[in-house]
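Structure below is coords_9.cif: mmCIF, C-alpha atoms.
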data_protein
loop_
_atom_site.label_atom_id
_atom_site.label_comp_id
_atom_site.auth_asym_id
_atom_site.auth_seq_id
_atom_site.Cartn_x
_atom_site.Cartn_y
_atom_site.Cartn_z
CA MET H 672 -2.07 9.14 -16.01
CA LYS H 673 -1.67 5.39 -15.85
CA ILE H 674 -1.80 3.28 -12.67
CA ARG H 675 -1.42 -0.46 -13.01
CA ILE H 676 -1.06 -3.39 -10.60
CA GLN H 677 -0.01 -6.53 -12.43
CA LEU H 678 1.61 -9.96 -12.11
CA GLU H 679 3.62 -9.72 -15.30
CA ASN H 680 6.83 -7.81 -15.99
CA PHE H 681 6.89 -4.42 -17.75
CA ASP H 682 9.12 -2.91 -20.41
CA VAL H 683 10.48 0.51 -19.39
CA SER H 684 11.06 1.86 -22.90
CA THR H 685 7.55 0.92 -24.01
CA GLU H 686 6.10 2.66 -20.97
CA LEU H 687 8.23 5.79 -21.47
CA ALA H 688 7.24 5.96 -25.13
CA ALA H 689 3.57 5.70 -24.13
CA LEU H 690 3.72 8.79 -21.89
CA ASN H 691 2.08 11.91 -23.24
CA HIS H 692 4.94 13.89 -24.82
CA THR H 693 3.04 17.11 -25.53
CA ARG H 694 5.24 20.06 -24.49
CA VAL H 695 7.52 17.69 -22.60
CA GLY H 696 11.27 18.19 -22.32
CA ALA H 697 12.11 15.75 -19.54
CA LEU H 698 11.28 12.14 -18.73
CA VAL H 699 12.40 10.71 -15.39
CA SER H 700 11.93 7.08 -14.44
CA PHE H 701 12.62 5.01 -11.36
CA VAL H 702 12.70 1.20 -11.34
CA GLY H 703 12.79 -0.79 -8.10
CA THR H 704 14.09 -4.37 -8.26
CA VAL H 705 14.24 -7.40 -5.95
CA ARG H 706 17.50 -7.13 -4.02
CA ALA H 707 19.30 -10.45 -3.41
CA ASP H 708 20.39 -9.46 0.12
CA ASP H 709 21.37 -12.34 2.44
CA GLY H 710 20.69 -14.95 -0.20
CA VAL H 711 17.12 -13.86 -0.93
CA THR H 712 15.98 -16.02 -3.84
CA HIS H 713 12.51 -14.59 -4.42
CA MET H 714 9.73 -12.65 -2.75
CA GLU H 715 5.97 -12.62 -2.61
CA LEU H 716 4.20 -9.30 -2.97
CA GLU H 717 0.73 -8.94 -1.52
CA HIS H 718 -1.54 -5.92 -1.86
CA TYR H 719 -5.00 -4.63 -0.95
CA PRO H 720 -6.97 -4.63 -4.23
CA GLY H 721 -9.08 -1.50 -4.52
CA MET H 722 -7.26 0.49 -1.87
CA THR H 723 -3.96 0.19 -3.75
CA GLU H 724 -5.31 1.75 -6.95
CA LYS H 725 -7.13 4.44 -4.96
CA CYS H 726 -4.00 5.27 -2.97
CA LEU H 727 -1.65 5.42 -5.99
CA THR H 728 -4.11 7.60 -7.92
CA ASP H 729 -4.27 9.95 -4.95
CA ILE H 730 -0.45 10.17 -4.72
CA ALA H 731 -0.16 10.86 -8.47
CA MET H 732 -2.84 13.59 -8.21
CA GLN H 733 -0.96 15.21 -5.31
CA ALA H 734 2.25 15.21 -7.39
CA ALA H 735 0.38 16.75 -10.32
CA GLN H 736 -0.93 19.52 -8.06
CA ARG H 737 2.54 20.30 -6.77
CA TRP H 738 4.56 20.18 -9.97
CA ASP H 739 3.90 20.96 -13.59
CA ILE H 740 3.93 17.40 -14.86
CA GLY H 741 2.41 16.41 -18.19
CA ASP H 742 1.97 12.71 -17.48
CA VAL H 743 2.69 9.97 -14.93
CA VAL H 744 2.85 6.19 -15.04
CA ILE H 745 2.98 3.98 -11.96
CA ILE H 746 3.25 0.20 -12.42
CA HIS H 747 3.65 -2.08 -9.41
CA ARG H 748 3.95 -5.83 -9.68
CA VAL H 749 2.48 -8.35 -7.23
CA GLY H 750 2.79 -12.12 -6.84
CA VAL H 751 6.04 -14.07 -6.87
CA LEU H 752 9.14 -12.17 -8.02
CA GLN H 753 12.64 -13.63 -8.40
CA ALA H 754 15.82 -11.84 -7.22
CA GLY H 755 16.82 -9.18 -9.73
CA GLU H 756 13.35 -8.83 -11.24
CA GLN H 757 11.66 -5.46 -11.66
CA ILE H 758 9.06 -4.62 -9.00
CA VAL H 759 7.96 -1.05 -9.61
CA LEU H 760 8.14 1.67 -12.22
CA VAL H 761 7.40 5.34 -11.63
CA ALA H 762 7.91 7.66 -14.58
CA THR H 763 7.10 11.33 -14.89
CA ALA H 764 7.03 13.62 -17.93
CA SER H 765 7.45 17.36 -17.58
CA ARG H 766 8.60 20.49 -19.41
CA HIS H 767 11.80 20.61 -17.34
CA ARG H 768 13.89 18.10 -15.42
CA GLY H 769 13.50 19.72 -11.97
CA SER H 770 9.81 19.00 -11.68
CA ALA H 771 10.12 15.56 -13.33
CA PHE H 772 12.81 14.47 -10.82
CA ALA H 773 10.96 15.93 -7.83
CA ALA H 774 7.58 14.44 -8.77
CA CYS H 775 9.12 11.00 -9.38
CA GLU H 776 10.87 10.99 -5.99
CA PHE H 777 7.75 12.33 -4.22
CA ILE H 778 5.61 9.54 -5.70
CA MET H 779 8.12 6.86 -4.67
CA ASP H 780 8.45 8.24 -1.13
CA TYR H 781 4.68 8.28 -0.64
CA LEU H 782 4.22 4.90 -2.30
CA LYS H 783 6.76 3.32 0.09
CA THR H 784 5.03 4.59 3.21
CA GLY H 785 1.36 4.74 2.21
CA ALA H 786 0.46 2.25 -0.52
CA PRO H 787 -0.80 -1.10 0.81
CA PHE H 788 1.84 -3.53 -0.44
CA TRP H 789 3.70 -6.10 1.67
CA LYS H 790 6.82 -8.09 0.83
CA LYS H 791 7.64 -11.56 2.07
CA GLU H 792 11.23 -12.60 1.38
CA HIS H 793 12.27 -16.19 0.78
CA GLY H 794 15.89 -17.21 1.38
CA PRO H 795 18.09 -19.97 2.77
CA GLU H 796 16.61 -19.51 6.25
CA GLY H 797 13.01 -19.71 5.16
CA ALA H 798 10.47 -16.95 4.63
CA HIS H 799 9.78 -13.76 6.58
CA TRP H 800 7.73 -10.60 6.18
CA VAL H 801 9.91 -7.56 5.52
CA ASP H 802 9.83 -4.92 8.29
CA ALA H 803 9.04 -1.31 7.42
CA ARG H 804 12.10 0.98 7.58
CA SER H 805 12.07 4.16 9.61
CA THR H 806 14.24 5.83 6.92
CA ASP H 807 11.28 5.54 4.54
CA GLN H 808 9.17 7.51 7.01
CA THR H 809 11.82 10.22 7.45
CA ALA H 810 12.13 10.52 3.66
CA LEU H 811 8.66 12.11 3.75
CA ASP H 812 9.85 15.02 5.89
CA LYS H 813 11.46 16.81 2.97
CA TRP H 814 8.05 17.17 1.27
CA ARG H 815 6.33 18.81 4.24
CA MET T 961 -35.25 -0.97 14.92
CA SER T 962 -32.77 -1.45 12.12
CA ALA T 963 -30.59 -4.56 11.95
CA ALA T 964 -27.17 -4.48 13.59
CA PRO T 965 -24.62 -2.84 11.28
CA GLN T 966 -22.65 -5.31 9.20
CA ILE T 967 -19.06 -4.69 8.39
CA THR T 968 -16.44 -6.53 6.36
CA LEU T 969 -13.12 -7.00 8.11
CA ARG T 970 -10.03 -7.58 5.99
CA PHE T 971 -6.60 -8.70 7.11
CA PHE T 972 -3.34 -8.63 5.19
CA ALA T 973 0.21 -10.00 5.24
CA SER T 974 1.45 -11.27 8.64
CA VAL T 975 -1.88 -10.44 10.33
CA ARG T 976 -3.80 -12.50 7.75
CA GLU T 977 -1.38 -15.42 8.14
CA GLN T 978 -1.50 -15.36 11.92
CA LEU T 979 -5.30 -15.29 11.97
CA GLY T 980 -5.66 -17.77 9.14
CA CYS T 981 -8.34 -15.38 7.88
CA ALA T 982 -8.34 -12.85 5.04
CA GLU T 983 -11.90 -11.62 5.33
CA GLN T 984 -14.83 -11.88 7.71
CA THR T 985 -18.23 -10.22 7.85
CA VAL T 986 -19.41 -9.34 11.34
CA GLU T 987 -22.24 -7.57 13.14
CA LEU T 988 -20.91 -4.90 15.42
CA PRO T 989 -22.30 -4.25 18.90
CA ALA T 990 -23.91 -0.82 19.21
CA ASP T 991 -21.16 0.52 21.48
CA VAL T 992 -18.43 -0.11 18.89
CA THR T 993 -18.27 3.16 16.97
CA THR T 994 -14.61 3.75 16.02
CA THR T 995 -12.02 1.66 14.16
CA GLY T 996 -9.95 1.45 17.35
CA GLN T 997 -12.97 0.02 19.20
CA VAL T 998 -13.36 -2.57 16.44
CA ARG T 999 -9.76 -3.63 17.05
CA ASP T 1000 -10.34 -3.85 20.82
CA TRP T 1001 -13.56 -5.80 20.25
CA LEU T 1002 -11.60 -8.32 18.13
CA ILE T 1003 -8.79 -8.50 20.72
CA ALA T 1004 -11.44 -9.38 23.32
CA ARG T 1005 -12.10 -12.61 21.40
CA GLY T 1006 -8.78 -13.74 22.91
CA GLY T 1007 -6.44 -16.40 21.53
CA VAL T 1008 -4.92 -15.72 18.15
CA TRP T 1009 -7.07 -12.57 17.76
CA ALA T 1010 -5.54 -11.02 20.86
CA GLU T 1011 -2.06 -11.92 19.61
CA ALA T 1012 -2.40 -10.82 16.00
CA LEU T 1013 -4.10 -7.51 16.77
CA SER T 1014 -2.20 -6.77 20.01
CA HIS T 1015 -1.44 -3.12 20.76
CA ASP T 1016 2.21 -4.17 21.10
CA ARG T 1017 2.24 -4.38 17.31
CA PRO T 1018 2.40 -1.18 15.23
CA LEU T 1019 -0.58 -2.13 13.05
CA ARG T 1020 -2.18 0.18 10.51
CA THR T 1021 -5.90 0.52 9.95
CA ALA T 1022 -7.80 1.45 6.80
CA TYR T 1023 -11.47 2.43 6.85
CA ARG T 1024 -13.33 2.44 3.53
CA GLN T 1025 -9.95 1.81 1.89
CA THR T 1026 -8.25 4.90 3.33
CA MET T 1027 -5.59 4.82 6.05
CA CYS T 1028 -7.00 6.18 9.33
CA GLU T 1029 -6.39 6.69 13.05
CA ALA T 1030 -7.91 4.56 15.81
CA SER T 1031 -10.25 7.44 16.67
CA GLU T 1032 -11.90 7.33 13.20
CA GLN T 1033 -15.69 7.27 13.62
CA LEU T 1034 -17.63 4.63 11.71
CA ILE T 1035 -20.40 5.97 9.50
CA LEU T 1036 -23.03 3.26 9.75
CA ASP T 1037 -25.48 4.42 7.10
CA GLY T 1038 -26.22 1.03 5.56
CA SER T 1039 -23.54 1.36 2.89
CA ILE T 1040 -20.98 -1.38 2.38
CA GLN T 1041 -18.33 -0.91 4.99
CA GLU T 1042 -14.82 -2.25 5.08
CA ILE T 1043 -12.17 -2.05 7.79
CA ALA T 1044 -8.71 -3.51 7.23
CA PHE T 1045 -5.92 -4.23 9.70
CA PHE T 1046 -2.38 -4.78 8.49
CA PRO T 1047 1.31 -4.26 9.35
CA PRO T 1048 3.20 -1.16 8.14
CA VAL T 1049 3.47 -1.27 4.35
CA THR T 1050 6.66 -2.38 2.57
CA GLY T 1051 6.09 -1.92 -1.16
CA GLY T 1052 8.22 -0.21 -3.77
#

Represent the supplied structure as structure tokens.
Amino acid sequence: MKIRIQLENFDVSTELAALNHTRVGALVSFVGTVRADDGVTHMELEHYPGMTEKCLTDIAMQAAQRWDIGDVVIIHRVGVLQAGEQIVLVATASRHRGSAFAACEFIMDYLKTGAPFWKKEHGPEGAHWVDARSTDQTALDKWR
Amino acid sequence: MSAAPQITLRFFASVREQLGCAEQTVELPADVTTTGQVRDWLIARGGVWAEALSHDRPLRTAYRQTMCEASEQLILDGSIQEIAFFPPVTGG
């Protein structure tokens, strides 16, 4: 299991290759990027050092208890990110695709609602903190 | 008598900006025993504290780096304590 918070970009193929491939038949990855909605030029990502790592480790452990996954990587960037840049990578390795897909989606859903990150968007009308979306909260219901 | 319990308060995102403060170490009064009471105690300072931590805002609280409810009891055993107040998270 690998959990990383970093300023710099990541390379998806390198990260997928680095996953433990023992008895693995499926790799699923999700990449979130900075959306250029309403002329957003860049965003600042803040987090709570210490709690973030603890929280992501806990989410990955919960996924590993629920599904037969061989390995997980979660990388989340912080700092200043330009429109179109990669923000987050979640990748799961499993024997079969069903558990790899499910675990990847579960981790993203819990990350979005529980991990202490905050986005501040910068655009033509200045800067503002992004509001949490209620759809992210309802996305959790399917895992209960 | 032991010294008054010390606690580190941390603030993030819009709350941090509004307060102009990311971190502060405080001594809690003896009757402040839950995270919700810590918030109310800070609101009672008035001014920007009352605005930033207002109950009109859907703030989240973390105690010892874990998300918690306002009713969470503080365990004042002399260990390093940390309470954080922040808006709902928006990562991913």

>> Should the cut-off be 6 Å, what would the residue list for chain T against chain H look like, counting all atoms listed in the file, as a PyMOL selection string?
In response: chain T and resi 1025+1048-1052

Go ahead and save the residues from that selection, with C-alpha atoms, as a JSON list (two decimals), in the frame of the given file.
[["chain", "number", "residue", "atom", "x", "y", "z"],
["T", 1025, "GLN", "CA", -9.95, 1.81, 1.89],
["T", 1048, "PRO", "CA", 3.20, -1.16, 8.14],
["T", 1049, "VAL", "CA", 3.47, -1.27, 4.35],
["T", 1050, "THR", "CA", 6.66, -2.38, 2.57],
["T", 1051, "GLY", "CA", 6.09, -1.92, -1.16],
["T", 1052, "GLY", "CA", 8.22, -0.21, -3.77]]

>> Could you list, as a PyMOL selection string, every residue within 10 Å of stretch 990-992 of chain T, counting only C-alpha atoms and ignoring same-chain residues fewer than 6 positions away?
In response: chain T and resi 964-965+998-1001+1033-1034

> Leaving out H:Arg766 and any residue of its chain fewer than 6 positions from it, which residues lie within 8 Å of it when counting all atoms listed in the file, given as a PyMOL selection string?
Replying inline: chain H and resi 694-697+739-741

Just the selected residues (C-alpha atoms), exported as an mmCIF file, in the coordinates of the input, please.
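To be explicit, this is the file written out as out-v7.cif:
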data_model
loop_
_atom_site.group_PDB
_atom_site.id
_atom_site.type_symbol
_atom_site.label_atom_id
_atom_site.label_comp_id
_atom_site.auth_asym_id
_atom_site.auth_seq_id
_atom_site.Cartn_x
_atom_site.Cartn_y
_atom_site.Cartn_z
ATOM 1 C CA ARG H 694 5.240 20.060 -24.490
ATOM 2 C CA VAL H 695 7.520 17.690 -22.600
ATOM 3 C CA GLY H 696 11.270 18.190 -22.320
ATOM 4 C CA ALA H 697 12.110 15.750 -19.540
ATOM 5 C CA ASP H 739 3.900 20.960 -13.590
ATOM 6 C CA ILE H 740 3.930 17.400 -14.860
ATOM 7 C CA GLY H 741 2.410 16.410 -18.190
#

> Where does the PyMOL selection byres ((chain T and resi 1028) around 12) land in this file, that is, which residues does it pick, as a PyMOL selection string?
Replying inline: (chain H and resi 785) or (chain T and resi 994-996+1019-1027+1029-1034+1043-1046)

> Where does the PyMOL selection byres ((chain H and resi 745) around 9) land in this file, that is, which residues does it pick, as a PyMOL selection string?
Replying inline: chain H and resi 672-676+727-728+731+743-744+746-747+759-763+778

Using C-alpha atoms, can you export the residues from the last selection as a short mmCIF file (atom, residue, chain, number, x, y, z; two decimals), in the coordinates of the input?
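Below is the file result28.cif, written as the result:
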data_model
loop_
_atom_site.label_atom_id
_atom_site.label_comp_id
_atom_site.auth_asym_id
_atom_site.auth_seq_id
_atom_site.Cartn_x
_atom_site.Cartn_y
_atom_site.Cartn_z
CA MET H 672 -2.07 9.14 -16.01
CA LYS H 673 -1.67 5.39 -15.85
CA ILE H 674 -1.80 3.28 -12.67
CA ARG H 675 -1.42 -0.46 -13.01
CA ILE H 676 -1.06 -3.39 -10.60
CA LEU H 727 -1.65 5.42 -5.99
CA THR H 728 -4.11 7.60 -7.92
CA ALA H 731 -0.16 10.86 -8.47
CA VAL H 743 2.69 9.97 -14.93
CA VAL H 744 2.85 6.19 -15.04
CA ILE H 746 3.25 0.20 -12.42
CA HIS H 747 3.65 -2.08 -9.41
CA VAL H 759 7.96 -1.05 -9.61
CA LEU H 760 8.14 1.67 -12.22
CA VAL H 761 7.40 5.34 -11.63
CA ALA H 762 7.91 7.66 -14.58
CA THR H 763 7.10 11.33 -14.89
CA ILE H 778 5.61 9.54 -5.70
#

>> When the PyMOL selection byres ((chain T and resi 982) around 8) is applied to the structure above, which residues does it catch, written out as a VMD selection string?
In response: chain T and resid 970 to 972 976 979 to 981 983 to 984

> Taking into account all atoms listed in the file, which residue in the set T:Val975, T:Leu1036, T:Ala1012, T:Ile1003 is nearest to T:Leu988?
Replying inline: T:Leu1036

> What is the atom CA of H:His692 to atom CA of H:Glu776 distance in Å?
Replying inline: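 Going from atom CA of H:His692 over to atom CA of H:Glu776, I get 20.0 Å.
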
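In this model, the gap between atom CA of T:Gln966 and atom CA of T:Gly1038 comes to 8.1 Å.
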
> Which residues, written as a PyMOL selection string, have at least one atom at most 6 Å from H:Gly794, with only C-alpha atoms counted and residues fewer than 4 positions away on the same chain left out?
Replying inline: chain H and resi 710-712

> So how many Å separate atom CA of H:Ala734 and atom CA of H:Ala689, to one decimal?
Replying inline: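 Computing it gives 19.3 Å between the two atoms.
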
Work out where the centre of an axis-aligned box around every listed atom of stretch 984-988 of chain T lies and how long its edges are once 4 Å is added on each side; give both in Å to one decimal as JSON.
{"center_x": -18.5, "center_y": -8.4, "center_z": 11.6, "size_x": 15.4, "size_y": 15.0, "size_z": 15.7}
